[in-house]
Structures are given as C-alpha cells and as structure tokens.
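K.L.:
Below is the structure I would like to discuss, written out as structure tokens.
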Amino acid sequence: PRKKLQLKKKLQLKKHLQRKKLQLKKHLQRKKLQLKMILQKMKKNKSVCIANIGKPRGLKGEFFLNSFCSPKENILNYIDDIFIDNENKLSIEYIKKSNSKFLAKLKNIDSVDEIKKYTNTKVYISSENLPQLKSEEVYWHDLKGMIVIGLNKNEILGEVKELNNFGANDCLIVKPTSDSVDEKERLIPFIKEKFIDSVDKKERVLKVYWQSDY
C-alpha cells in the first residue's frame with residue numbers, strides 16, 4: 001500500500017509539472033505576440049531615457065544633470081543626440097563634468113526661473129544611437145517587460161516593471177501578471193550568478209534564483 005501511495009504521489013507531481021510547463025509555454029507565446037505588436041508600434045519612434053534635469057545652478061539657466069548611464073560619463077558621448085522629454089523644441093547647449101557631477105544648459109533658457117520649470121524633466125536619446133552590445137550584454141531598458149521565472153520551482157514571478165538603485169545594488173522591480181504565482185510585487189537584486197541566472201533577449205525571459213515566498 002505504501003508503494004502504491006508513493007507511486008500515486010509521483011504521478012500527481014509529474015502531471016502538475018506538465019501542466020505548469022504547458023501554462024508557461026502558452027504564456028510566453030502570448031507575451032511574444034503582444035511584444036511583437038508593441039515593437040511594431042514603437043519601431044518608428046523608440047526612445048531611451050538616459051538622464052533627468054536636476055536642480056538649477058546659478059542664475060543663468062545652468063542646471064545639474066542626473067545621468068542614468070553606466071558609467072555616468074557616457075552621457076558626454078550623446079550631447080548631439082539628446083532631446084528633452086520627447087520635445088524637439090528643446091535641445092542641449094552643453095554638458096560638462098564638474099567634480100563627480102554634471103552641469104548642463106538648454107539652448108535659449110537663460111534664467112533660473114525658466115529652468116526651474118523643467119526640474120525632473122526626462123532626457124532621451126533614440127535607441128538607434130546606442131552602441132551595439134555583445135551577445136551576452138543587455139541594456140537596462142531592454143529588460144523592461146521581460147517575464148521573470150524563478151528556477152527553484154519553475155514559477156512565473158511576474159514581469160520587469162522598472163529598474164532602480166536603492167544604494168547597494170541595481171534592483172529589478174517585478175510586478176505580478178495574470179499568470180504569475182501570486183499578486184506580490186518583488187525587488188530582486190540584479191547580481192549575476194547569485195540571483196540572475198540568464199537573460200534571453202530573443203524570448204524576453206529572465207531566469208532568477210528566487211523563490212515566491214522570499
């Protein structure tokens with residue numbers, strides 16, 4: 001009787017894993033189709049946020065520029081390609097490094113009162129201006145929308161909503177989806193090998209060493 005019970009449990013577990021695998025496959029197919037449609041819409045005008053406008057500096061329209069590039073100095077490479085908050089009417093006059101910070105100025109914005117209106121405004125470039133990466137590398141903005149799978153139990157934990165740095169490490173903000181294991185939003189440190197197993201840019205899947213009950 002004990003052997004029969006063990007066999008029954010094994011069969012039930014096998015069926016459960018097969019169902020999970022099938023659900024995961026169907027979910028990935030749906031997400032792939034949705035992504036294809038989104039990419040087609042974005043193809044003509046895809047932009048990447050690389051900085052935002054910080055506090056004014058002085059009285060003549062200069063301001064601190066908060067670079068999101070890695071390393072931060074890379075923003076100096078995109079001066080000619082930058083546009084402000086998707087508005088072509090605003091453009092950068094210059095960016096210069098001052099100690100560990102960056103100072104910048106917009107063309108035709110020459111007073112502290114004018115530049116104050118643009119504090120926290122996002123700064124963009126077209127993704128076409130980004131350098132080509134090696135196959136194992138990925139841009140942060142490409143991680144957004146990827147399905148996150150926990151390898152411990154092969155569960156869908158959600159999809160990448162955003163990336164942020166809270167001091168110690170870069171973190172993935174993972175939001176729940178209709179197919180995820182629960183309704184929890186998660187913060188997963190982006191540390192390769194320790195928490196991040198692999199990033200599949202083609203399938204839009206990010207596999208992590210992370211359990212749903214963490």
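Scheme for the structure tokens: letters A, B, ... for chains in order shown; per-chain residue numbers from 1; ligand numbers from 1 in order shown.
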I'd like a table as a Markdown table: residues in range 174-202 of chain A with an atom no more than 10 Å from range 131-144 of chain A, each row giving the shortest atom pair and its distance in Å to one decimal, only C-alpha atoms counted, sorted by chain and rising residue number.
P.N.:
| residue | atom | partner | partner_atom | distance |
| --- | --- | --- | --- | --- |
| A:Val174 | CA | A:Lys144 | CA | 9.3 |
| A:Ser198 | CA | A:Glu136 | CA | 9.2 |
| A:Val199 | CA | A:Val138 | CA | 8.2 |
| A:Asp200 | CA | A:Glu136 | CA | 9.1 |
| A:Lys201 | CA | A:Asp142 | CA | 7.8 |
K.L.:
When you look at range 150-162 of chain A with a cut-off of 7 Å (counting only C-alpha atoms), what residues show up, excluding the ones that are within fewer than 4 positions of it in the same chain? I need them as an NGL selection string.
P.N.:
:A and (143-146 or 172-177 or 179-181 or 207-212)
K.L.:
Could you turn the residues from that selection into a file that holds N, CA, C and O atoms, as an mmCIF file, in the first residue's frame?
P.N.:
data_model
loop_
_atom_site.group_PDB
_atom_site.id
_atom_site.type_symbol
_atom_site.label_atom_id
_atom_site.label_comp_id
_atom_site.auth_asym_id
_atom_site.auth_seq_id
_atom_site.Cartn_x
_atom_site.Cartn_y
_atom_site.Cartn_z
ATOM 1 N N LEU A 143 15.326 45.191 -20.513
ATOM 2 C CA LEU A 143 14.827 44.240 -19.513
ATOM 3 C C LEU A 143 13.357 44.488 -19.170
ATOM 4 O O LEU A 143 12.657 43.573 -18.729
ATOM 5 N N LYS A 144 12.893 45.708 -19.391
ATOM 6 C CA LYS A 144 11.511 46.047 -19.038
ATOM 7 C C LYS A 144 10.522 45.209 -19.852
ATOM 8 O O LYS A 144 10.661 45.075 -21.064
ATOM 9 N N GLY A 145 9.550 44.644 -19.138
ATOM 10 C CA GLY A 145 8.548 43.813 -19.807
ATOM 11 C C GLY A 145 8.926 42.350 -19.921
ATOM 12 O O GLY A 145 8.107 41.525 -20.326
ATOM 13 N N MET A 146 10.167 41.996 -19.551
ATOM 14 C CA MET A 146 10.573 40.587 -19.615
ATOM 15 C C MET A 146 9.846 39.771 -18.545
ATOM 16 O O MET A 146 9.607 40.245 -17.438
ATOM 17 N N LEU A 172 15.727 44.826 -9.801
ATOM 18 C CA LEU A 172 14.579 44.668 -10.678
ATOM 19 C C LEU A 172 13.310 44.861 -9.843
ATOM 20 O O LEU A 172 13.167 44.276 -8.780
ATOM 21 N N ILE A 173 12.402 45.684 -10.334
ATOM 22 C CA ILE A 173 11.076 45.787 -9.725
ATOM 23 C C ILE A 173 10.155 44.913 -10.566
ATOM 24 O O ILE A 173 9.910 45.203 -11.733
ATOM 25 N N VAL A 174 9.704 43.821 -9.977
ATOM 26 C CA VAL A 174 8.927 42.814 -10.708
ATOM 27 C C VAL A 174 7.460 42.897 -10.288
ATOM 28 O O VAL A 174 7.132 42.697 -9.118
ATOM 29 N N LYS A 175 6.594 43.216 -11.237
ATOM 30 C CA LYS A 175 5.163 43.337 -10.921
ATOM 31 C C LYS A 175 4.431 42.050 -11.292
ATOM 32 O O LYS A 175 4.824 41.341 -12.230
ATOM 33 N N PRO A 176 3.363 41.719 -10.570
ATOM 34 C CA PRO A 176 2.604 40.495 -10.878
ATOM 35 C C PRO A 176 1.837 40.626 -12.189
ATOM 36 O O PRO A 176 1.510 41.735 -12.630
ATOM 37 N N THR A 177 1.547 39.491 -12.809
ATOM 38 C CA THR A 177 0.727 39.438 -14.020
ATOM 39 C C THR A 177 -0.403 38.438 -13.778
ATOM 40 O O THR A 177 -0.466 37.783 -12.730
ATOM 41 N N ASP A 179 -0.657 35.651 -14.990
ATOM 42 C CA ASP A 179 -0.105 34.290 -14.978
ATOM 43 C C ASP A 179 0.901 34.051 -13.862
ATOM 44 O O ASP A 179 1.422 32.941 -13.737
ATOM 45 N N SER A 180 1.197 35.080 -13.069
ATOM 46 C CA SER A 180 2.215 34.893 -12.039
ATOM 47 C C SER A 180 1.664 34.109 -10.849
ATOM 48 O O SER A 180 0.448 33.980 -10.666
ATOM 49 N N VAL A 181 2.567 33.609 -10.037
ATOM 50 C CA VAL A 181 2.215 32.686 -8.962
ATOM 51 C C VAL A 181 1.377 33.357 -7.868
ATOM 52 O O VAL A 181 0.613 32.698 -7.168
ATOM 53 N N LYS A 207 15.575 34.524 -16.129
ATOM 54 C CA LYS A 207 15.506 33.461 -15.141
ATOM 55 C C LYS A 207 16.327 33.827 -13.897
ATOM 56 O O LYS A 207 17.461 34.292 -14.023
ATOM 57 N N VAL A 208 15.724 33.613 -12.731
ATOM 58 C CA VAL A 208 16.354 34.059 -11.487
ATOM 59 C C VAL A 208 16.364 32.937 -10.435
ATOM 60 O O VAL A 208 15.532 32.044 -10.458
ATOM 61 N N TYR A 209 17.336 33.042 -9.529
ATOM 62 C CA TYR A 209 17.371 32.171 -8.361
ATOM 63 C C TYR A 209 16.602 32.888 -7.249
ATOM 64 O O TYR A 209 17.176 33.589 -6.417
ATOM 65 N N TRP A 210 15.290 32.724 -7.272
ATOM 66 C CA TRP A 210 14.447 33.478 -6.345
ATOM 67 C C TRP A 210 13.155 32.699 -6.126
ATOM 68 O O TRP A 210 12.511 32.301 -7.092
ATOM 69 N N GLN A 211 12.785 32.506 -4.876
ATOM 70 C CA GLN A 211 11.556 31.780 -4.579
ATOM 71 C C GLN A 211 10.387 32.730 -4.346
ATOM 72 O O GLN A 211 10.570 33.866 -3.912
ATOM 73 N N SER A 212 9.200 32.249 -4.615
ATOM 74 C CA SER A 212 8.000 33.090 -4.499
ATOM 75 C C SER A 212 7.726 33.523 -3.057
ATOM 76 O O SER A 212 7.072 34.523 -2.824
#
K.L.:
Could you tell me which of A:Cys49, A:Leu59, A:Ile92, A:Val148 comes closest to Asp110 in chain A if we count only C-alpha atoms?
P.N.:
A:Leu59
K.L.:
Calculated over only C-alpha atoms, which of the candidates A:Phe190, A:Lys122, A:Ser70, A:Leu65 has the smallest distance to Tyr94 in chain A?
P.N.:
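For Tyr94 in chain A, the nearest of the candidates is A:Leu65.
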K.L.:
Might you pull out every residue within 8 Å of Ser91 in chain A, with only C-alpha atoms counted and same-chain residues fewer than 3 positions away left off, and present them as a list of chain:residue names?
P.N.:
A:Ile82, A:Phe83, A:Ile84, A:Asn88, A:Leu106, A:Lys107
K.L.:
Restricting it to N, CA and C atoms, dump the selection as an mmCIF file, in the first residue's frame.
P.N.:
data_model
loop_
_atom_site.group_PDB
_atom_site.id
_atom_site.type_symbol
_atom_site.label_atom_id
_atom_site.label_comp_id
_atom_site.auth_asym_id
_atom_site.auth_seq_id
_atom_site.Cartn_x
_atom_site.Cartn_y
_atom_site.Cartn_z
ATOM 1 N N ILE A 82 20.786 64.135 -27.914
ATOM 2 C CA ILE A 82 19.815 64.257 -26.817
ATOM 3 C C ILE A 82 18.609 65.096 -27.213
ATOM 4 N N PHE A 83 17.434 64.677 -26.753
ATOM 5 C CA PHE A 83 16.253 65.536 -26.830
ATOM 6 C C PHE A 83 15.533 65.472 -25.484
ATOM 7 N N ILE A 84 14.742 66.493 -25.204
ATOM 8 C CA ILE A 84 14.167 66.684 -23.878
ATOM 9 C C ILE A 84 12.698 66.306 -23.837
ATOM 10 N N ASN A 88 11.042 68.212 -29.431
ATOM 11 C CA ASN A 88 12.162 68.600 -30.293
ATOM 12 C C ASN A 88 12.516 70.081 -30.174
ATOM 13 N N LEU A 106 20.279 74.301 -21.392
ATOM 14 C CA LEU A 106 19.433 74.198 -22.579
ATOM 15 C C LEU A 106 19.585 75.456 -23.422
ATOM 16 N N LYS A 107 19.503 75.288 -24.731
ATOM 17 C CA LYS A 107 19.561 76.448 -25.621
ATOM 18 C C LYS A 107 18.349 77.348 -25.375
#
K.L.:
Identify all residues of range 77-206 of chain A in strand (DSSP E) (DSSP on the backbone) and supply them as a ChimeraX atom specification.
P.N.:
/A:83-84,92-98,101-106,122-126,147-150,155-165,170-175,186-189,196-200,205-206
K.L.:
Take the residues from that selection and write them out as a CSV table (one decimal), in the first residue's frame, keeping C-alpha atoms.
P.N.:
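Now in result_35.csv:
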chain,number,residue,atom,x,y,z
A,83,PHE,CA,16.3,65.5,-26.8
A,84,ILE,CA,14.2,66.7,-23.9
A,92,ILE,CA,21.1,70.8,-25.0
A,93,GLU,CA,23.6,73.7,-25.4
A,94,TYR,CA,26.3,71.9,-23.5
A,95,ILE,CA,27.1,69.3,-20.8
A,96,LYS,CA,30.3,69.4,-18.8
A,97,LYS,CA,31.7,67.5,-15.8
A,98,SER,CA,32.2,69.3,-12.5
A,101,LYS,CA,28.6,65.8,-11.1
A,102,PHE,CA,27.4,67.1,-14.5
A,103,LEU,CA,26.4,70.6,-15.4
A,104,ALA,CA,24.3,71.4,-18.4
A,105,LYS,CA,22.3,74.1,-20.1
A,106,LEU,CA,19.4,74.2,-22.6
A,122,LYS,CA,13.5,63.4,-18.6
A,123,VAL,CA,16.3,63.5,-21.1
A,124,TYR,CA,16.2,61.0,-24.0
A,125,ILE,CA,18.1,59.6,-27.0
A,126,SER,CA,16.9,57.4,-29.8
A,147,ILE,CA,8.9,37.6,-17.9
A,148,VAL,CA,10.7,36.6,-14.7
A,149,ILE,CA,10.8,32.9,-13.9
A,150,GLY,CA,12.0,31.6,-10.5
A,155,GLU,CA,7.3,29.6,-11.3
A,156,ILE,CA,6.3,32.8,-13.1
A,157,LEU,CA,7.1,35.6,-10.6
A,158,GLY,CA,5.9,38.4,-12.8
A,159,GLU,CA,7.4,40.8,-15.3
A,160,VAL,CA,10.0,43.5,-15.1
A,161,LYS,CA,8.3,46.8,-14.4
A,162,GLU,CA,11.3,49.0,-13.7
A,163,LEU,CA,14.9,49.0,-12.6
A,164,ASN,CA,16.2,51.1,-9.8
A,165,ASN,CA,19.2,51.6,-7.5
A,170,ASP,CA,20.7,47.7,-9.0
A,171,CYS,CA,17.3,46.1,-8.4
A,172,LEU,CA,14.6,44.7,-10.7
A,173,ILE,CA,11.1,45.8,-9.7
A,174,VAL,CA,8.9,42.8,-10.7
A,175,LYS,CA,5.2,43.3,-10.9
A,186,ARG,CA,9.1,41.9,-5.8
A,187,LEU,CA,12.5,43.6,-5.6
A,188,ILE,CA,15.2,41.3,-7.0
A,189,PRO,CA,18.9,42.5,-6.9
A,196,ILE,CA,20.3,36.2,-12.0
A,197,ASP,CA,20.8,33.0,-14.0
A,198,SER,CA,20.2,34.1,-17.6
A,199,VAL,CA,18.6,36.8,-19.8
A,200,ASP,CA,17.1,35.6,-23.0
A,205,VAL,CA,12.6,35.8,-20.4
A,206,LEU,CA,14.7,36.4,-17.4
K.L.:
Just give me the gap between CA of Ile115 in chain A and CA of Glu128 in chain A in Å, one decimal is fine.
P.N.:
28.4 Å
K.L.:
For Phe64 in chain A, which of A:Lys116, A:Lys202, A:Ile79, A:Gln18 is the closest residue, counting only C-alpha atoms?
P.N.:
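Checking each candidate against Phe64 in chain A, we get A:Lys116 as the closest.
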K.L.:
Considering only C-alpha atoms, state which residue in the set A:Glu73, A:Asp80, A:Lys9, A:Asn129 is at the smallest distance from Asn99 in chain A.
P.N.:
A:Glu73
K.L.:
If you count only C-alpha atoms, which residues fall within 10 Å of Lys72 in chain A, apart from same-chain ones fewer than 2 positions away, as a PyMOL selection string?
P.N.:
chain A and resi 50-51+66-70+74-76+100-102
K.L.:
Determine which residues of chain A DSSP labels as helix (DSSP H, G or I) from the backbone of this structure, then write them out as number ranges by chain.
P.N.:
A: 2-45, 72-81, 112-116, 127-129, 140-143
K.L.:
Smallest atom-to-atom distance to Ser47 in chain A: which of A:Lys184, A:Phe195, A:Gly61, A:Ser127, using only C-alpha atoms?
P.N.:
A:Ser127
K.L.:
Any idea what's packed within 8 Å of Asn120 in chain A, counting only C-alpha atoms, ignoring anything in its chain fewer than 4 positions away? Could you give it as a short mmCIF file (atom, residue, chain, number, x, y, z; two decimals) with N, CA, C and O atoms, in the first residue's frame?
P.N.:
data_model
loop_
_atom_site.label_atom_id
_atom_site.label_comp_id
_atom_site.auth_asym_id
_atom_site.auth_seq_id
_atom_site.Cartn_x
_atom_site.Cartn_y
_atom_site.Cartn_z
N ASN A 52 17.91 62.93 -16.21
CA ASN A 52 16.85 63.92 -15.99
C ASN A 52 17.48 65.23 -15.49
O ASN A 52 18.63 65.27 -15.06
N ILE A 53 16.69 66.30 -15.60
CA ILE A 53 17.17 67.62 -15.22
C ILE A 53 17.04 67.78 -13.71
O ILE A 53 15.95 67.58 -13.14
N GLY A 54 18.16 68.14 -13.08
CA GLY A 54 18.16 68.30 -11.63
C GLY A 54 17.97 69.75 -11.21
O GLY A 54 17.36 70.54 -11.93
#
K.L.:
Quick one, how far is CA of Ser111 in chain A from CA of Pro56 in chain A?
P.N.:
9.3 Å
K.L.:
Let me make sure I understand: among A:Arg204, A:Leu13, A:Thr121, A:Asn77, which one has the smallest atom-to-atom distance to His27 in chain A if we use only C-alpha atoms?
P.N.:
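Answer, going by the shortest atom-to-atom distance: A:Arg204.
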